[in-house]
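upload-v6.txt (compact mmCIF, C-alpha atoms) appears below.
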# COMPACT_ATOMS: atom_id res chain seq x y z
CA MET A 27 0.00 0.00 0.00
CA GLY A 28 1.11 3.54 -0.64
CA LYS A 29 -0.25 7.05 -0.57
CA ILE A 30 -2.18 9.46 -2.73
CA LEU A 31 -1.09 13.06 -2.34
CA LEU A 32 -3.18 16.16 -3.08
CA TYR A 33 -1.94 19.72 -2.85
CA TYR A 34 -2.08 23.11 -4.46
CA LYS A 35 -0.51 26.50 -4.01
CA TYR A 36 -1.40 29.81 -5.58
CA ILE A 37 1.94 31.52 -6.10
CA ASP A 38 3.37 33.59 -8.93
CA ILE A 39 5.40 31.29 -11.19
CA LYS A 40 7.43 33.28 -13.69
CA TYR A 41 8.68 30.31 -15.71
CA PRO A 42 6.08 27.48 -15.54
CA GLU A 43 7.87 25.42 -18.23
CA GLN A 44 10.92 25.18 -15.98
CA ILE A 45 8.75 23.97 -13.10
CA LYS A 46 7.18 21.43 -15.46
CA LYS A 47 10.58 19.97 -16.38
CA TRP A 48 11.59 19.79 -12.72
CA GLN A 49 8.33 18.04 -11.82
CA GLU A 50 8.76 15.56 -14.68
CA ARG A 51 12.24 14.61 -13.51
CA LEU A 52 11.18 14.35 -9.89
CA CYS A 53 8.04 12.28 -10.50
CA LYS A 54 9.74 9.89 -12.91
CA GLU A 55 12.64 9.31 -10.51
CA LEU A 56 10.16 8.42 -7.77
CA CYS A 57 7.86 6.35 -10.05
CA LEU A 58 4.86 8.55 -9.26
CA THR A 59 1.76 8.71 -11.41
CA GLY A 60 -1.04 11.25 -11.49
CA ARG A 61 -1.57 14.82 -12.62
CA VAL A 62 0.32 18.05 -12.06
CA ILE A 63 -1.08 21.29 -13.49
CA ILE A 64 1.19 24.32 -13.55
CA ALA A 65 0.32 27.89 -14.51
CA HIS A 66 1.62 31.37 -13.86
CA GLU A 67 -0.86 31.47 -10.96
CA GLY A 68 0.47 28.35 -9.19
CA ILE A 69 0.47 24.55 -9.03
CA ASN A 70 -2.21 21.90 -8.46
CA ALA A 71 -1.30 18.21 -8.11
CA THR A 72 -2.69 14.78 -7.33
CA LEU A 73 -0.13 11.97 -7.29
CA GLY A 74 0.10 8.35 -6.23
CA GLY A 75 3.05 6.22 -5.22
CA SER A 76 4.79 4.34 -2.45
CA ILE A 77 4.90 5.85 1.04
CA GLU A 78 8.66 6.36 0.72
CA ALA A 79 8.35 8.00 -2.70
CA ILE A 80 5.59 10.35 -1.54
CA GLU A 81 7.67 11.42 1.45
CA LYS A 82 10.69 12.13 -0.77
CA TYR A 83 8.49 14.07 -3.16
CA LYS A 84 7.02 16.21 -0.34
CA GLN A 85 10.50 16.97 0.95
CA ALA A 86 11.77 18.01 -2.49
CA VAL A 87 8.75 20.26 -3.14
CA SER A 88 8.96 21.85 0.32
CA GLU A 89 12.62 22.69 -0.23
CA HIS A 90 11.83 24.63 -3.42
CA GLU A 91 11.84 28.39 -2.86
CA LEU A 92 8.32 28.80 -4.28
CA PHE A 93 6.58 25.93 -2.54
CA ASP A 94 7.17 26.12 1.20
CA LYS A 95 4.29 25.92 3.69
CA ILE A 96 2.09 23.72 1.48
CA ASP A 97 -0.85 21.88 3.03
CA PHE A 98 -0.18 18.34 1.77
CA LYS A 99 -3.28 16.14 2.01
CA GLU A 100 -2.83 12.37 1.98
CA SER A 101 -5.01 9.31 1.55
CA ASP A 102 -4.33 5.58 1.39
CA GLY A 103 -3.69 4.44 -2.17
CA ASN A 104 -0.88 4.08 -4.68
CA SER A 105 0.14 4.72 -8.30
CA ASP A 106 -2.38 2.11 -9.55
CA TYR A 107 -5.17 4.67 -9.13
CA PHE A 108 -3.75 6.70 -12.02
CA PRO A 109 -3.24 5.35 -15.55
CA ARG A 110 -0.13 7.48 -16.19
CA LEU A 111 1.83 10.56 -15.24
CA ARG A 112 0.61 13.79 -16.85
CA ILE A 113 2.29 17.13 -16.20
CA VAL A 114 0.99 20.14 -18.14
CA VAL A 115 1.19 23.91 -18.27
CA LYS A 116 -2.16 25.69 -18.54
CA GLU A 117 -3.70 29.13 -18.12
CA GLU A 118 -5.37 28.15 -14.83
CA ILE A 119 -4.61 25.43 -12.30
CA THR A 120 -8.34 24.71 -12.12
CA ARG A 121 -10.47 25.97 -14.97
CA LEU A 122 -12.87 28.68 -13.87
CA GLY A 123 -12.76 30.25 -17.32
CA LEU A 124 -11.89 33.72 -16.02
CA ASP A 125 -8.70 35.75 -16.29
CA PRO A 126 -6.53 34.57 -13.37
CA LYS A 127 -4.90 38.01 -13.26
CA THR A 128 -8.29 39.60 -12.55
CA ILE A 129 -10.03 36.93 -10.45
CA THR A 130 -7.11 35.87 -8.29
CA ALA A 131 -6.93 33.61 -5.25
CA HIS A 132 -5.54 36.48 -3.19
CA ASN A 133 -8.91 38.19 -2.79
CA GLY A 134 -10.91 35.13 -1.75
CA GLY A 135 -13.20 34.40 1.15
CA ILE A 136 -12.32 34.10 4.81
CA HIS A 137 -10.69 30.74 5.55
CA LEU A 138 -12.40 28.77 8.30
CA THR A 139 -10.77 25.74 9.90
CA PRO A 140 -12.77 22.49 10.05
CA GLU A 141 -13.40 23.17 13.73
CA GLU A 142 -14.74 26.64 12.97
CA VAL A 143 -16.92 25.26 10.18
CA HIS A 144 -18.35 22.56 12.43
CA LYS A 145 -19.16 25.09 15.12
CA LEU A 146 -20.81 27.36 12.55
CA LEU A 147 -22.96 24.50 11.23
CA GLU A 148 -23.96 23.40 14.73
CA GLN A 149 -25.60 26.78 15.29
CA PRO A 150 -25.99 28.31 11.82
CA PRO A 151 -27.17 31.90 11.52
CA LYS A 152 -30.50 32.31 9.72
CA ASP A 153 -28.82 33.96 6.76
CA LEU A 154 -26.16 31.25 6.20
CA VAL A 155 -25.91 29.65 2.75
CA VAL A 156 -23.70 26.56 2.43
CA PHE A 157 -22.64 26.64 -1.23
CA ASP A 158 -21.29 23.61 -3.11
CA THR A 159 -18.92 24.76 -5.88
CA ARG A 160 -18.44 21.29 -7.40
CA ASN A 161 -19.96 19.66 -10.46
CA ASN A 162 -23.37 17.97 -10.30
CA TYR A 163 -21.98 14.44 -10.59
CA GLU A 164 -19.82 15.12 -7.52
CA SER A 165 -22.54 16.59 -5.32
CA ARG A 166 -24.95 13.85 -6.41
CA ILE A 167 -23.25 11.28 -4.19
CA GLY A 168 -22.14 13.46 -1.28
CA ALA A 169 -22.80 16.93 0.12
CA PHE A 170 -23.14 18.99 3.25
CA ASN A 171 -26.55 18.99 4.88
CA ASN A 172 -28.93 21.59 3.42
CA ALA A 173 -26.34 22.84 0.93
CA LEU A 174 -27.17 25.00 -2.07
CA ILE A 175 -26.15 22.73 -4.96
CA PRO A 176 -25.97 24.26 -8.45
CA ASN A 177 -26.78 21.93 -11.32
CA ILE A 178 -23.55 22.58 -13.23
CA ASP A 179 -21.56 20.20 -15.43
CA THR A 180 -18.19 21.94 -15.07
CA PHE A 181 -16.51 24.39 -12.74
CA ARG A 182 -16.43 27.02 -15.47
CA ASP A 183 -20.25 27.08 -15.37
CA LEU A 184 -20.17 28.39 -11.78
CA PRO A 185 -19.75 32.13 -12.60
CA GLN A 186 -22.84 32.03 -14.82
CA TYR A 187 -24.82 30.34 -12.05
CA ILE A 188 -23.81 33.10 -9.63
CA ASP A 189 -24.66 35.78 -12.20
CA GLU A 190 -28.10 34.31 -12.88
CA ASN A 191 -29.01 33.78 -9.21
CA PRO A 192 -27.84 36.84 -7.26
CA GLU A 193 -30.89 36.69 -4.97
CA LEU A 194 -29.57 33.43 -3.47
CA PHE A 195 -26.55 35.26 -2.06
CA LYS A 196 -27.84 38.78 -1.45
CA ASP A 197 -27.11 39.91 2.12
CA LYS A 198 -26.20 36.30 3.09
CA GLU A 199 -23.26 34.73 4.84
CA VAL A 200 -21.97 32.23 2.29
CA LEU A 201 -19.83 29.22 3.20
CA MET A 202 -18.30 27.77 0.02
CA TYR A 203 -16.76 24.31 -0.23
CA CYS A 204 -15.08 21.97 -2.69
CA THR A 205 -12.95 18.81 -2.47
CA GLY A 206 -9.61 20.16 -1.27
CA GLY A 207 -10.00 23.93 -1.37
CA VAL A 208 -8.43 24.87 -4.69
CA ARG A 209 -11.68 25.71 -6.49
CA CYS A 210 -13.04 27.85 -3.67
CA GLU A 211 -9.97 30.10 -3.66
CA ARG A 212 -10.97 31.82 -6.91
CA ALA A 213 -14.70 31.02 -6.84
CA SER A 214 -14.99 32.94 -3.57
CA THR A 215 -13.13 35.84 -5.17
CA TYR A 216 -15.66 35.90 -7.97
CA LEU A 217 -18.61 35.88 -5.58
CA LYS A 218 -17.02 38.67 -3.53
CA SER A 219 -16.51 40.73 -6.70
CA LYS A 220 -20.30 40.83 -7.16
CA ASN A 221 -20.74 42.70 -3.86
CA ILE A 222 -23.96 40.88 -3.02
CA ALA A 223 -23.05 38.56 -0.14
CA LYS A 224 -22.65 39.94 3.39
CA LYS A 225 -19.72 37.61 4.10
CA VAL A 226 -17.95 34.92 2.11
CA TYR A 227 -16.19 32.00 3.79
CA GLN A 228 -14.41 28.91 2.50
CA ILE A 229 -13.41 25.69 4.24
CA GLU A 230 -9.67 25.53 4.76
CA GLY A 231 -8.61 22.25 3.18
CA GLY A 232 -12.07 21.60 1.75
CA ILE A 233 -14.09 18.45 2.32
CA HIS A 234 -10.90 16.49 2.85
CA ARG A 235 -9.83 18.32 5.98
CA TYR A 236 -13.37 18.60 7.33
CA ALA A 237 -14.08 14.87 6.93
CA GLU A 238 -10.71 14.06 8.44
CA LYS A 239 -11.66 15.96 11.59
CA PHE A 240 -15.38 15.14 11.59
CA PRO A 241 -16.01 11.82 9.77
CA ASP A 242 -19.56 11.75 11.11
CA GLY A 243 -20.14 15.48 10.81
CA PHE A 244 -22.34 17.54 8.51
CA PHE A 245 -20.95 16.14 5.25
CA ARG A 246 -22.92 13.05 4.25
CA GLY A 247 -22.37 10.34 1.64
CA LYS A 248 -19.31 9.93 -0.57
CA ASN A 249 -16.63 12.28 -1.76
CA TYR A 250 -15.94 12.21 -5.50
CA VAL A 251 -12.32 12.22 -6.70
CA PHE A 252 -10.72 12.33 -10.14
CA ASP A 253 -8.73 9.10 -10.12
CA GLY A 254 -9.26 5.36 -10.14
CA ARG A 255 -11.02 5.41 -6.78
CA ILE A 256 -13.83 7.56 -8.25
CA ALA A 257 -15.29 8.07 -4.77
CA ALA A 258 -14.88 6.94 -1.19
CA LYS A 259 -17.26 6.75 1.69
CA VAL A 260 -17.44 9.47 4.31
CA THR A 261 -20.69 8.24 5.88
CA ASP A 262 -23.11 5.38 5.14
CA ASP A 263 -25.76 7.76 3.75
CA ILE A 264 -26.81 7.04 0.15
CA LEU A 265 -28.06 10.26 -1.45
CA THR A 266 -29.08 9.04 -4.88
CA THR A 267 -30.40 6.05 -6.86
CA CYS A 268 -29.36 3.73 -9.67
CA ASP A 269 -29.80 5.35 -13.09
CA LEU A 270 -31.52 2.24 -14.42
CA CYS A 271 -33.89 1.45 -11.56
CA PRO A 272 -35.13 3.12 -8.33
CA THR A 273 -32.72 1.25 -6.04
CA PRO A 274 -30.79 3.51 -3.64
CA PHE A 275 -27.20 3.29 -4.85
CA ASP A 276 -24.19 5.57 -5.35
CA ASP A 277 -21.36 3.65 -7.06
CA TYR A 278 -20.23 5.11 -10.39
CA THR A 279 -19.10 3.01 -13.34
CA ASN A 280 -18.41 3.63 -17.03
CA CYS A 281 -20.37 2.27 -19.95
CA LEU A 282 -18.76 -0.76 -21.58
CA ASN A 283 -19.48 0.84 -24.96
CA ALA A 284 -16.20 2.70 -25.47
CA GLU A 285 -17.84 5.09 -27.93
CA CYS A 286 -20.25 6.10 -25.18
CA ASN A 287 -18.11 5.67 -22.04
CA GLU A 288 -20.82 7.46 -20.04
CA GLN A 289 -20.15 7.60 -16.33
CA PHE A 290 -23.31 6.46 -14.58
CA ILE A 291 -24.61 4.92 -11.37
CA ALA A 292 -25.83 1.34 -11.56
CA CYS A 293 -26.71 -1.16 -8.85
CA ASP A 294 -25.33 -4.71 -8.93
CA LEU A 295 -28.50 -6.16 -10.47
CA CYS A 296 -28.55 -3.58 -13.26
CA ILE A 297 -24.84 -4.04 -13.93
CA LYS A 298 -25.58 -7.71 -14.51
CA LYS A 299 -28.81 -7.12 -16.45
CA PHE A 300 -27.34 -4.50 -18.80
CA GLY A 301 -23.84 -5.98 -19.03
CA ASN A 302 -22.10 -2.94 -17.56
CA THR A 303 -23.71 -0.61 -20.11
CA CYS A 304 -25.67 2.55 -19.37
CA SER A 305 -28.80 1.74 -21.39
CA ALA A 306 -30.66 -0.84 -23.44
CA THR A 307 -29.31 0.84 -26.58
CA CYS A 308 -25.68 0.48 -25.56
CA TYR A 309 -26.36 -3.06 -24.36
CA GLU A 310 -27.62 -4.08 -27.82
CA LEU A 311 -24.67 -2.41 -29.55
CA VAL A 312 -22.19 -4.24 -27.33
CA GLN A 313 -24.00 -7.59 -27.62
CA ASN A 314 -24.05 -7.32 -31.42
CA ASN A 315 -20.37 -6.27 -31.61
CA LYS A 316 -21.26 -3.00 -33.32
CA VAL A 317 -19.03 -0.82 -31.11
CA ILE A 318 -15.60 -0.92 -29.52
CA ILE A 319 -15.76 -2.43 -26.05
CA ARG A 320 -14.03 -0.48 -23.30
CA LYS A 321 -11.23 -2.25 -21.52
CA MET A 322 -12.34 -2.93 -17.95
CA PRO A 323 -9.95 -1.46 -15.36
CA LYS A 324 -8.46 -3.56 -12.63
CA LYS A 325 -10.74 -3.43 -9.60
CA ILE A 326 -9.14 -1.42 -6.81
CA VAL A 327 -10.59 -1.68 -3.33
CA SER A 328 -10.20 1.15 -0.83
CA ASN A 329 -11.12 0.99 2.83
CA GLU A 330 -10.61 4.70 3.12
CA SER A 331 -13.20 6.68 5.06
CA PHE A 332 -12.40 10.04 3.56
CA ILE A 333 -10.78 11.34 0.45
CA VAL A 334 -8.91 14.31 -0.99
Structure encoded using C-alpha cells:
Amino acid sequence: MGKILLYYKYIDIKYPEQIKKWQERLCKELCLTGRVIIAHEGINATLGGSIEAIEKYKQAVSEHELFDKIDFKESDGNSDYFPRLRIVVKEEITRLGLDPKTITAHNGGIHLTPEEVHKLLEQPPKDLVVFDTRNNYESRIGAFNNALIPNIDTFRDLPQYIDENPELFKDKEVLMYCTGGVRCERASTYLKSKNIAKKVYQIEGGIHRYAEKFPDGFFRGKNYVFDGRIAAKVTDDILTTCDLCPTPFDDYTNCLNAECNEQFIACDLCIKKFGNTCSATCYELVQNNKVIIRKMPKKIVSNESFIV
C-alpha cells in the first residue's frame, strides 16, 4: 500500500515550463503517477506512489523556494489509481474560465478551519448559505446537509450560475466548499466581486480536511475524486439512486461501450442485467459487436473513510 497526495498553491510562477521539467524529472525518478497542473498562478497536483516516494516528493517540493508551507493532504492508495503521469502547463490550475490576473486567489473568502466550520454549522445563523462549488456528478453522491447545490456540469459554469441567481446570495453569509479547497480560492473571489453577499467563507482544506476531523459530521455520503477510486465513503448515507432502476445506490461506473463511455450509477443487479452498459441501446450495440468495447480497469478496493 502507498499514498495518494493532493496539494495546491497559488503563487506567482514566472517560468512554468521550468517547473514542469523539474516536476517531470522528480516524478519519474520516484515512479509517481497522477496529474500536475502548472500555470503562472500556481500549481495543483494529485499523485500516487509508495509511502517512501511520496515522502521524498514532499520533501523536495517543500525545499523549493516557491513551494514552502504547502498543506499536503494524503489518503491511502498508490500509483495504480492513475493510468499514467501527466504534467501540463495551462492558463489556470483549475479551470474557472476567467482571467486569473483579474479573479485571483488572493482576494478570496475568509478561511475557516474544520473546527470553525463545524461550530458554525452546529448553530448556523439564519442567513447562512452553504454553497457547493463542485460539479453535479460530484454533489450527487455526497454533500453537506442543506447545501445549495448548483446543477452545473463543469466548474467554469459556476460564474454564470452566480450571475443568474444573485438573490440566493444577497445579504447572506456564504460558506463555500469543494474537495480540497483549490476551487473555492478563486470562486470565492468571484462571488465577492459581485458585492452581493454579506460575508464569504471557504473551508480551509475543503471536504478532505473537514471529513478528516469530523467523519460523522455535517458532510454526508461519498466524496468524488478524479482518479481510479472515483469516490470513497465518508458516511453510510446514500443520497441518490441507480440510473436504471429506483434502487438507492451511489457507485459510479463507465459504460462498456467505449464510444459512449458514459459515467453512470448502476446497482449490482442492473450491472448484470445490462452488461455494464448505461442503457438498453448500448447493451444491444455491445451484444451485437457494433461498437468498440471499453477495456475494464483492474478493480481497486479502498477501505478509506475520507478522500482528498
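Look at Glu230 of chain A: the protein and nucleic acid residues within 12 Å of it, using all atoms listed in the file and passing over chain neighbours fewer than 6 places away, are Asp97, Lys99, Gly134, Gly135, Ile136, His137, Leu138, Thr139, Pro140, Glu141, Glu142, Val143, His144, Leu201, Met202, Tyr203, Cys204, Thr205, Gly206, Gly207, Val208, Arg209, Cys210, Glu211, Tyr236, Ala237 and Lys239 of chain A.
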Take the residues from that selection and put them in a file with C-alpha atoms, as a PDB file, keeping the file's coordinate frame.
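Okay, this is what ended up in again17.pdb:
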ATOM      1  CA  ASP A  97      -0.850  21.880   3.030  1.00  0.00           C
ATOM      2  CA  LYS A  99      -3.280  16.140   2.010  1.00  0.00           C
ATOM      3  CA  GLY A 134     -10.910  35.130  -1.750  1.00  0.00           C
ATOM      4  CA  GLY A 135     -13.200  34.400   1.150  1.00  0.00           C
ATOM      5  CA  ILE A 136     -12.320  34.100   4.810  1.00  0.00           C
ATOM      6  CA  HIS A 137     -10.690  30.740   5.550  1.00  0.00           C
ATOM      7  CA  LEU A 138     -12.400  28.770   8.300  1.00  0.00           C
ATOM      8  CA  THR A 139     -10.770  25.740   9.900  1.00  0.00           C
ATOM      9  CA  PRO A 140     -12.770  22.490  10.050  1.00  0.00           C
ATOM     10  CA  GLU A 141     -13.400  23.170  13.730  1.00  0.00           C
ATOM     11  CA  GLU A 142     -14.740  26.640  12.970  1.00  0.00           C
ATOM     12  CA  VAL A 143     -16.920  25.260  10.180  1.00  0.00           C
ATOM     13  CA  HIS A 144     -18.350  22.560  12.430  1.00  0.00           C
ATOM     14  CA  LEU A 201     -19.830  29.220   3.200  1.00  0.00           C
ATOM     15  CA  MET A 202     -18.300  27.770   0.020  1.00  0.00           C
ATOM     16  CA  TYR A 203     -16.760  24.310  -0.230  1.00  0.00           C
ATOM     17  CA  CYS A 204     -15.080  21.970  -2.690  1.00  0.00           C
ATOM     18  CA  THR A 205     -12.950  18.810  -2.470  1.00  0.00           C
ATOM     19  CA  GLY A 206      -9.610  20.160  -1.270  1.00  0.00           C
ATOM     20  CA  GLY A 207     -10.000  23.930  -1.370  1.00  0.00           C
ATOM     21  CA  VAL A 208      -8.430  24.870  -4.690  1.00  0.00           C
ATOM     22  CA  ARG A 209     -11.680  25.710  -6.490  1.00  0.00           C
ATOM     23  CA  CYS A 210     -13.040  27.850  -3.670  1.00  0.00           C
ATOM     24  CA  GLU A 211      -9.970  30.100  -3.660  1.00  0.00           C
ATOM     25  CA  TYR A 236     -13.370  18.600   7.330  1.00  0.00           C
ATOM     26  CA  ALA A 237     -14.080  14.870   6.930  1.00  0.00           C
ATOM     27  CA  LYS A 239     -11.660  15.960  11.590  1.00  0.00           C
TER      28      LYS A 239
END
Residues within 12 Å of Gly301 of chain A, please, as a PyMOL selection string. Count all atoms listed in the file; anything in the same chain fewer than 6 positions from it doesn't count. chain A and resi 279-283+292-295+307-313+319+322
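You can rank A:Thr261, A:Thr120, A:Ile167, A:Arg212 by their closest distance to Phe240 of chain A using all atoms listed in the file, and at the top of that list sits A:Thr261.
In this model, the gap between atom CA of His234 of chain A and atom CA of Asn162 of chain A comes to 18.2 Å.
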Atom pair atom CA of Gln44 of chain A / atom CA of Thr215 of chain A: separation (Å): 28.4 Å
Any chance you could tabulate, as JSON lines, the residues of segment 39-148 of chain A at most 9 Å from segment 173-192 of chain A with each one's nearest atom pair and distance in Å to one decimal, using only C-alpha atoms, in chain and rising number order?
{"residue": "A:Thr120", "atom": "CA", "partner": "A:Phe181", "partner_atom": "CA", "distance": 8.2}
{"residue": "A:Arg121", "atom": "CA", "partner": "A:Arg182", "partner_atom": "CA", "distance": 6.1}
{"residue": "A:Leu122", "atom": "CA", "partner": "A:Arg182", "partner_atom": "CA", "distance": 4.2}
{"residue": "A:Gly123", "atom": "CA", "partner": "A:Arg182", "partner_atom": "CA", "distance": 5.2}
{"residue": "A:Leu124", "atom": "CA", "partner": "A:Arg182", "partner_atom": "CA", "distance": 8.1}
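Taking only C-alpha atoms into account, those protein, DNA and RNA residues with any atom at most 9 Å away from (-17.6, 5.3, -28.1) amount to Leu282, Asn283, Ala284, Glu285, Cys286, Asn287, Glu288, Val317, Ile318, Ile319 and Arg320 of chain A.
Checking A:Lys218, A:Arg112, A:Lys196, A:Lys40 one by one against Asn133 of chain A, counting all atoms listed in the file, you find the shortest gap at A:Lys218.
Here the question is which of A:Pro272, A:Gly68, A:Gly247, A:Gly28 gets nearest to Ala131 of chain A using all atoms listed in the file, and that residue is A:Gly68.
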Choose the residue, out of A:Ile69, A:Ala257, A:Val87, A:Leu194, that has the smallest atom-to-atom separation from Ile119 of chain A; count only C-alpha atoms. A:Ile69
